[in-house]
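The block underneath contains the structure these notes are about, expressed in structure tokens.
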Amino acid sequence: MRKQIGEPSAAVLDVGSFSARLVVLAKGGSPLDPVLSHQTRLRLDRELDDDGNLTRRGIDAVSSAVKAGMTIAAKHGVEDVYPLATSSIRDAANVKQVVCDVAKATGVKLRFLTGRREAELAYVGARRWYGASAGRLLVLDIGGGTVELAAGDAEEAGFAHSLPLGARSLTRDWFATECPSPKVVRAMREHVLDEVRDAMQDVLPHIRDHRAVGCSKVLRQLARLAGDRPSRSRELHLDDLRAWIPRLAKLPAKRRAELPGISRQRSHQALAGAIVAEALLTLSGGQVAICPWSTRDGLLLGMLDGLVTLDGKPAKAA
């Protein structure tokens, strides 16, 4: 007999570049122990044409993944699901067509959060992960299309910002080959550092004593790669990371996927991710702790506590 969950407090279908994952939390629950979880694999990174449009095959894959997630939710008695689409869809040149076609095929209209809102929710997720010991936090999240930054010492971030410096986007815009020249790598490092510094210049004097935490799979994989030893397995250090950048630049994606921590799906964008991480660590004290909770978890926990409405906005603004 299929288990009926009853009245779940929070449910999100997170549609990203590599998967569509349904996560459901019961009242009083935690992302560590969801009452329902289901994942459908995607490879939207392969489904963008030269003009930045998501291909018909990509749109159909999203529709199938959304239908699968919503069907699983309905079979378990879950009705209110937030269908969160991330930057892989949000930044597609034909995003309106994607949303329309998915809605026609599934009856579900994909929803988006702004980059700033993603940063705010990543901060919520990180603060809940560290609990009473959180203190002052600087939260860093490297995604495929954007980078989110947030900082504060309270339940909500006092500073939140989003930059178009995602690992996927930079790989597409800067690297014509899998093994770019030292000149191209150097130029990209300088560009990314300048962009991050400009975004953070007003807040930098106020976050010197903040704990820097990384909330993305990009940072998690780089921490495994650059700190693959027991004492540093949950941290990423700038000196270790810098040593890997020229090595990554010399390896094609297939060889990068053989390295510790680097997945086959993200191997082609590992170099760009490392360069962005280098800029972030340069401006945030030289090391970052790895936090497993991010935007989706912040959204779920906010919905659970009634602080976030079913449209992803702060409850006070509803």
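We name chains A, B, ... following the order of the structure tokens; residues begin at 1 in each chain, and ligands are numbered from 1 as shown.
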
Open item on the list: Env of segment 68-74 of chain A: 8 Å cut, atoms = only C-alpha atoms, seq-sep filter 4 positions within chain, self excluded. Answer as a ChimeraX atom specification.
Closed with: /A:13,20-22,38-40,64,78-79,81

Open item on the list: Which residues are close to Leu44 of chain A, i.e. within 8 Å by only C-alpha atoms, leaving aside same-chain residues fewer than 3 positions away? Reply as a list in words.
Closed with: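 Contacts, in chain order: Gly16, Ser17, Phe18, Glu47, Leu48, Leu54, Gly58 and Ser88 of chain A.
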
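Take the candidates A:Ser181, A:Ser9, A:Ser19, A:Gln221 and check each one against Gly306 of chain A using only C-alpha atoms; the shortest distance goes to A:Ser9.
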
TODO: Within segment 199-237 of chain A, find each residue whose DSSP state, derived from the backbone, is strand (DSSP E or B), and express the selection as a PyMOL selection string.
DONE: chain A and resi 211-214+235-237
